[in-house]
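Presented below is the structure to which this report refers.
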Amino acid sequence: MLRRPIDPALHPEVPGPGRPAPPGYEFAGFRRFELVLRQLGGIASRRELLAATDGDETSFWFALHYGYLDRVRTGWYAAATVPPDARAAWAAGGPLACVSALVHHGVLDPADHRIDGTLHIALGRGGHRFVTDRPVVAHWGDEDRASGTRIAVSLETALRQARWCASAHQ
Ligand SMILES: [Zn+2]
């Protein structure tokens with residue numbers, strides 16, 4: 001059982017009172033981790049997933065083994081709804097920041113000349129920059145990193161970062 005009930009407004013696809021399961025729908029089982037991930041904002045740790053599913057290690061292992069869990073990096077998992085850039089940013093260590101977050105927030109056009117393949121990410125002071133196949137510019141600071149979600153820093157933070165980011169003005 002989920003500790004936190006699924007919010008039907010957010011997840012109309014989940015069966016419940018007055019919402020019969022459509023044909024072929026499978027709620028129980030490994031797929032429930034996808035729903036839990038979405039409830040947790042899209043990106044969650046193994047510990048959080050287990051806490052939200054009553055510590056069901058066996059289901060967790062099977063979900064991982066059979067491809068129902070997308071491992072971003074060691075101990076971290078993403079819902080299928082997480083945008084590829086946000087997934088790549090978390091793989092590198094943190095949420096989208098600076099111009100990358102502005103693109104995510106819809107403020108900056110991805111076709112803007114300042115946007116190349118480089119990901120700008122937010123890292124806390126004790127954070128770790130993981131090596132990935134994308135070039136990364138790290139923006140350090142606990143407050144900035146915590147300003148938004150695990151997907152992206154807040155719009156306000158992203159605007160401030162982009163104003164001062166050297167690589168965003170080349
Ligand atoms: Zn930047």
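Chains: A, B, ... in order of the structure tokens. Residues: from 1 per chain. Ligands: from 1, in order shown.
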Within 6 Å of ligand 1, counting only C-alpha atoms and all ligand atoms, which protein or nucleic acid residues do you find, written as a PyMOL selection string?
chain A and resi 98-99+120+162+165+168
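Residues in contact range of stretch 125-140 of chain A, defined as at most 8 Å between only C-alpha atoms, with sequence neighbours fewer than 5 positions away removed, read Ala88, Ala91, Ala92, Gly93, Ala97, Cys98, Gly117, Thr118, Leu119, His120, Arg145, Gln161 and Ser167 of chain A.
Atom CA of A:Leu35 to atom CA of A:Ser147 spans 24.4 Å [interatomic distance, one decimal].
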Pick the closest to A:Asp116 from A:Ser45, A:Trp76, A:Asp144, A:Asp85: which is it, counting only C-alpha atoms?
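Counting only C-alpha atoms, the residue closest to A:Asp116 is A:Asp85.
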Can you tell me, as a list in words, which residues in stretch 2-166 of chain A count as strand (DSSP E or B) by DSSP?
Gly16, Arg19, Ile43, Ala44, Ser45, Asp70, Arg71, Val72, Arg73, Trp76, Tyr77, Ala78, Leu96, Leu119, His120, Ile121, Ala122, Leu123, Val136, Val137, Ala138, His139, Trp140 and Ala152 of chain A
Please report, as a short mmCIF file (atom, residue, chain, number, x, y, z; two decimals) with C-alpha atoms, in the first residue's frame, each residue of stretch 65-166 of chain A to which DSSP assigns helix (DSSP H, G or I) when run on this structure's backbone.
```
data_model
loop_
_atom_site.label_atom_id
_atom_site.label_comp_id
_atom_site.auth_asym_id
_atom_site.auth_seq_id
_atom_site.Cartn_x
_atom_site.Cartn_y
_atom_site.Cartn_z
CA HIS A 65 15.75 -5.88 -13.00
CA PRO A 84 15.84 14.32 -20.91
CA ASP A 85 17.83 17.44 -19.99
CA ALA A 86 16.66 17.30 -16.38
CA ARG A 87 17.52 13.62 -16.24
CA ALA A 88 21.00 14.33 -17.67
CA ALA A 89 21.47 17.20 -15.18
CA TRP A 90 20.62 14.98 -12.22
CA ALA A 91 22.97 12.33 -13.58
CA ALA A 92 25.69 14.99 -13.49
CA CYS A 98 21.02 29.02 -15.25
CA VAL A 99 20.21 29.06 -18.99
CA SER A 100 19.33 25.33 -18.95
CA ALA A 101 16.68 26.05 -16.30
CA LEU A 102 15.45 29.05 -18.30
CA VAL A 103 14.84 26.77 -21.27
CA HIS A 104 13.00 24.36 -18.97
CA ASP A 142 23.11 25.42 -1.33
CA GLU A 143 20.40 28.08 -1.52
CA ASP A 144 20.30 28.15 -5.31
CA ARG A 145 20.20 24.39 -5.51
CA LEU A 155 12.91 30.87 -12.28
CA GLU A 156 14.21 33.72 -10.12
CA THR A 157 17.41 31.83 -9.32
CA ALA A 158 17.91 30.81 -12.95
CA LEU A 159 17.58 34.43 -14.13
CA ARG A 160 20.15 35.60 -11.56
CA GLN A 161 22.55 32.79 -12.46
CA ALA A 162 22.27 33.45 -16.18
CA ARG A 163 22.93 37.16 -15.68
CA TRP A 164 26.34 36.37 -14.20
CA ALA A 166 30.31 33.70 -18.17
#
```
Choose the residue, out of A:Leu37, A:Ala51, A:Ala122, A:Leu108, that has the smallest atom-to-atom separation from A:Val82; count only C-alpha atoms.
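Answer, going by the shortest atom-to-atom distance: A:Leu37.
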Residue contacts of A:Thr149 (10 Å, only C-alpha atoms) excluding same-chain residues fewer than 4 positions away, as a list in words:
Gly41, Gly42, Ile43, Gly94, Pro95, Leu96, Arg145, Val153 and Ser154 of chain A
Could those residues be written to a file, using C-alpha atoms, as a CSV table (one decimal), in the first residue's frame?
```csv
chain,number,residue,atom,x,y,z
A,41,GLY,CA,8.3,15.1,-8.2
A,42,GLY,CA,9.9,12.9,-10.8
A,43,ILE,CA,13.2,12.1,-9.3
A,94,GLY,CA,21.9,18.3,-9.6
A,95,PRO,CA,18.9,20.1,-11.0
A,96,LEU,CA,18.9,22.3,-14.2
A,145,ARG,CA,20.2,24.4,-5.5
A,153,VAL,CA,16.1,25.7,-9.8
A,154,SER,CA,13.5,28.4,-9.5
```
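With only C-alpha atoms as the basis for measurement, A:Arg46 is the residue among A:His105, A:Arg46, A:Asp112, A:Val36 that approaches A:Thr74 most closely.
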Between atom CA of A:Phe33 and atom CA of A:Ala78, distance in Å (one decimal)
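Going from atom CA of A:Phe33 over to atom CA of A:Ala78, I get 9.8 Å.
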What is the atom CA of A:Arg47-atom CA of A:Ala146 distance in Å, reported with one decimal?
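If I compute the distance from atom CA of A:Arg47 to atom CA of A:Ala146, I get 19.3 Å.
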From the set A:Gly67, A:Glu34, A:Gly141, A:Arg73, which residue has the shortest atom-to-atom contact distance to A:Thr53, counting only C-alpha atoms?
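Residue with the minimum atom-to-atom distance to A:Thr53: A:Glu34.
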Choose the residue, out of A:Ala80, A:Glu48, A:Gly75, A:Arg31, that has the smallest atom-to-atom separation from A:Ala63; count only C-alpha atoms.
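Closest to A:Ala63 of all the choices is A:Arg31.
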